Amino acid sequence: TTLFRSAALNDSLFGIAAALGLSGKFINSEKYSMYDDHVPFIEQGIPAADLIDFDYPYWHTLSDTADKLSEESLQAVYKVLFKYLTN
């Protein structure tokens, strides 16, 4: 069975999010299981995590355009990734 996430990376990212008070934005539970573009990295031994907001109504539709981006969501992801990369 292929894991669809790298457990250590996932735990680290969600741990940082919790420490930064962003647990409401980073919900550490699997809502769906999918084969996505990150899986080939995992299959090659490259850690990968999939950060998807499944409640975003435009996801993978023709209306999924840059004007729908949430500055608040992008800022939350930036904070977590910045902390991860600088530790």
# chains A, B, ... in the order shown; residues from 1 in each chain; ligands from 1
call {"tool": "residues_around", "arguments": {"residues": "His38 of chain A", "least_positions_apart": "3", "cutoff": "8 Å", "atoms": "only C-alpha atoms", "output": "number ranges by chain"}}
result
A: 4, 35, 41-42, 48-50
call {"tool": "write_last_selection", "arguments": {"atoms": "N, CA and C atoms", "output": "PDB file, in the first residue's frame"}}
result
ATOM      1  N   PHE A   4      -0.028   8.061   1.143  1.00  0.00           N
ATOM      2  CA  PHE A   4      -0.243   9.265   0.362  1.00  0.00           C
ATOM      3  C   PHE A   4       0.274  10.511   1.064  1.00  0.00           C
ATOM      4  N   TYR A  35      -4.876   9.868  -4.864  1.00  0.00           N
ATOM      5  CA  TYR A  35      -3.600   9.793  -5.564  1.00  0.00           C
ATOM      6  C   TYR A  35      -3.449  11.129  -6.264  1.00  0.00           C
ATOM      7  N   PHE A  41       6.604  11.663  -5.716  1.00  0.00           N
ATOM      8  CA  PHE A  41       7.742  12.058  -4.885  1.00  0.00           C
ATOM      9  C   PHE A  41       7.909  11.076  -3.733  1.00  0.00           C
ATOM     10  N   ILE A  42       6.815  10.759  -3.064  1.00  0.00           N
ATOM     11  CA  ILE A  42       6.850   9.818  -1.938  1.00  0.00           C
ATOM     12  C   ILE A  42       7.352   8.458  -2.416  1.00  0.00           C
ATOM     13  N   ALA A  48       6.869  14.317   1.059  1.00  0.00           N
ATOM     14  CA  ALA A  48       5.897  15.239   0.480  1.00  0.00           C
ATOM     15  C   ALA A  48       4.644  15.252   1.350  1.00  0.00           C
ATOM     16  N   ALA A  49       4.010  16.391   1.392  1.00  0.00           N
ATOM     17  CA  ALA A  49       2.749  16.536   2.111  1.00  0.00           C
ATOM     18  C   ALA A  49       1.770  17.263   1.208  1.00  0.00           C
ATOM     19  N   ASP A  50       0.520  16.963   1.353  1.00  0.00           N
ATOM     20  CA  ASP A  50      -0.530  17.559   0.540  1.00  0.00           C
ATOM     21  C   ASP A  50      -1.362  18.459   1.440  1.00  0.00           C
TER      22      ASP A  50
END
call {"tool": "residues_around", "arguments": {"residues": "Leu51 of chain A", "least_positions_apart": "4", "cutoff": "12 Å", "atoms": "only C-alpha atoms", "output": "VMD selection string"}}
result
chain A and resid 4 to 5 9 to 10 13 to 14 17 25 to 32 36 to 38 73 to 74 76 to 78 80 to 81
call {"tool": "select_by_dssp", "arguments": {"residues": "segment 18-85 of chain A", "states": "alpha helix (DSSP H)", "output": "list of chain:residue names"}}
result
A:Ala18, A:Ala19, A:Val39, A:Pro40, A:Phe41, A:Ile42, A:Glu43, A:Glu71, A:Glu72, A:Ser73, A:Leu74, A:Gln75, A:Ala76, A:Val77, A:Tyr78, A:Lys79, A:Val80, A:Leu81, A:Phe82, A:Lys83, A:Tyr84, A:Leu85
call {"tool": "closest_residue", "arguments": {"among": "A:Ala8, A:Met34, A:Ala18, A:Leu69", "to": "Tyr56 of chain A", "atoms": "only C-alpha atoms"}}
result
A:Leu69
call {"tool": "decode", "arguments": {"residues": "segment 5-44 of chain A", "atoms": "N, CA and C atoms", "output": "tab-separated table (two decimals), in the first residue's frame"}}
result
chain	number	residue	atom	x	y	z
A	5	ARG	N	1.11	10.32	2.07
A	5	ARG	CA	1.76	11.44	2.75
A	5	ARG	C	2.99	10.90	3.45
A	6	SER	N	3.94	11.75	3.69
A	6	SER	CA	5.12	11.39	4.47
A	6	SER	C	4.78	11.71	5.92
A	7	ALA	N	4.65	10.68	6.74
A	7	ALA	CA	4.17	10.86	8.12
A	7	ALA	C	5.03	11.85	8.91
A	8	ALA	N	6.35	11.75	8.83
A	8	ALA	CA	7.22	12.64	9.61
A	8	ALA	C	7.06	14.09	9.16
A	9	LEU	N	7.02	14.32	7.86
A	9	LEU	CA	6.84	15.69	7.35
A	9	LEU	C	5.47	16.22	7.74
A	10	ASN	N	4.45	15.41	7.55
A	10	ASN	CA	3.09	15.81	7.91
A	10	ASN	C	3.01	16.17	9.40
A	11	ASP	N	3.56	15.31	10.25
A	11	ASP	CA	3.54	15.58	11.70
A	11	ASP	C	4.29	16.86	12.03
A	12	SER	N	5.41	17.08	11.37
A	12	SER	CA	6.19	18.29	11.62
A	12	SER	C	5.42	19.54	11.21
A	13	LEU	N	4.84	19.54	10.03
A	13	LEU	CA	4.10	20.71	9.54
A	13	LEU	C	2.89	21.02	10.43
A	14	PHE	N	2.16	19.99	10.78
A	14	PHE	CA	0.97	20.21	11.60
A	14	PHE	C	1.35	20.54	13.04
A	15	GLY	N	2.48	20.04	13.51
A	15	GLY	CA	2.98	20.42	14.83
A	15	GLY	C	3.36	21.89	14.88
A	16	ILE	N	4.02	22.36	13.83
A	16	ILE	CA	4.38	23.78	13.74
A	16	ILE	C	3.11	24.63	13.68
A	17	ALA	N	2.15	24.20	12.88
A	17	ALA	CA	0.90	24.95	12.78
A	17	ALA	C	0.23	25.07	14.14
A	18	ALA	N	0.21	23.98	14.90
A	18	ALA	CA	-0.39	24.02	16.24
A	18	ALA	C	0.37	24.97	17.15
A	19	ALA	N	1.71	24.91	17.09
A	19	ALA	CA	2.54	25.78	17.94
A	19	ALA	C	2.33	27.25	17.59
A	20	LEU	N	2.02	27.54	16.35
A	20	LEU	CA	1.78	28.91	15.90
A	20	LEU	C	0.33	29.35	16.09
A	21	GLY	N	-0.49	28.47	16.66
A	21	GLY	CA	-1.89	28.79	16.86
A	21	GLY	C	-2.73	28.72	15.60
A	22	LEU	N	-2.29	27.91	14.65
A	22	LEU	CA	-2.99	27.81	13.36
A	22	LEU	C	-3.72	26.48	13.18
A	23	SER	N	-4.05	25.82	14.29
A	23	SER	CA	-4.74	24.53	14.20
A	23	SER	C	-6.08	24.64	13.49
A	24	GLY	N	-6.71	25.79	13.56
A	24	GLY	CA	-7.98	25.99	12.87
A	24	GLY	C	-7.84	26.02	11.36
A	25	LYS	N	-6.65	26.36	10.88
A	25	LYS	CA	-6.37	26.39	9.44
A	25	LYS	C	-5.74	25.08	8.96
A	26	PHE	N	-4.98	24.44	9.84
A	26	PHE	CA	-4.30	23.17	9.53
A	26	PHE	C	-4.97	22.08	10.36
A	27	ILE	N	-5.92	21.41	9.77
A	27	ILE	CA	-6.67	20.39	10.49
A	27	ILE	C	-6.03	19.04	10.17
A	28	ASN	N	-5.45	18.43	11.19
A	28	ASN	CA	-4.65	17.21	11.00
A	28	ASN	C	-5.53	15.97	11.05
A	29	SER	N	-6.36	15.83	10.06
A	29	SER	CA	-7.16	14.62	9.91
A	29	SER	C	-7.37	14.39	8.42
A	30	GLU	N	-7.48	13.14	8.06
A	30	GLU	CA	-7.68	12.82	6.66
A	30	GLU	C	-9.16	12.88	6.33
A	31	LYS	N	-9.50	13.77	5.42
A	31	LYS	CA	-10.90	13.89	4.99
A	31	LYS	C	-11.14	12.96	3.80
A	32	TYR	N	-10.15	12.89	2.93
A	32	TYR	CA	-10.22	12.04	1.75
A	32	TYR	C	-8.85	11.42	1.51
A	33	SER	N	-8.82	10.31	0.82
A	33	SER	CA	-7.57	9.71	0.38
A	33	SER	C	-7.55	9.82	-1.14
A	34	MET	N	-6.42	10.30	-1.67
A	34	MET	CA	-6.36	10.46	-3.11
A	34	MET	C	-4.95	10.24	-3.63
A	35	TYR	N	-4.88	9.87	-4.86
A	35	TYR	CA	-3.60	9.79	-5.56
A	35	TYR	C	-3.45	11.13	-6.26
A	36	ASP	N	-2.49	11.94	-5.77
A	36	ASP	CA	-2.33	13.29	-6.28
A	36	ASP	C	-0.91	13.45	-6.81
A	37	ASP	N	-0.56	14.64	-7.29
A	37	ASP	CA	0.75	14.86	-7.89
A	37	ASP	C	1.91	14.77	-6.91
A	38	HIS	N	1.65	14.68	-5.62
A	38	HIS	CA	2.72	14.55	-4.64
A	38	HIS	C	3.15	13.09	-4.45
A	39	VAL	N	2.32	12.13	-4.83
A	39	VAL	CA	2.59	10.71	-4.57
A	39	VAL	C	3.86	10.21	-5.27
A	40	PRO	N	4.14	10.57	-6.53
A	40	PRO	CA	5.38	10.10	-7.15
A	40	PRO	C	6.64	10.51	-6.38
A	41	PHE	N	6.60	11.66	-5.72
A	41	PHE	CA	7.74	12.06	-4.88
A	41	PHE	C	7.91	11.08	-3.73
A	42	ILE	N	6.82	10.76	-3.06
A	42	ILE	CA	6.85	9.82	-1.94
A	42	ILE	C	7.35	8.46	-2.42
A	43	GLU	N	6.89	8.02	-3.58
A	43	GLU	CA	7.30	6.72	-4.12
A	43	GLU	C	8.80	6.68	-4.42
A	44	GLN	N	9.41	7.84	-4.65
A	44	GLN	CA	10.84	7.92	-4.91
A	44	GLN	C	11.64	8.23	-3.64
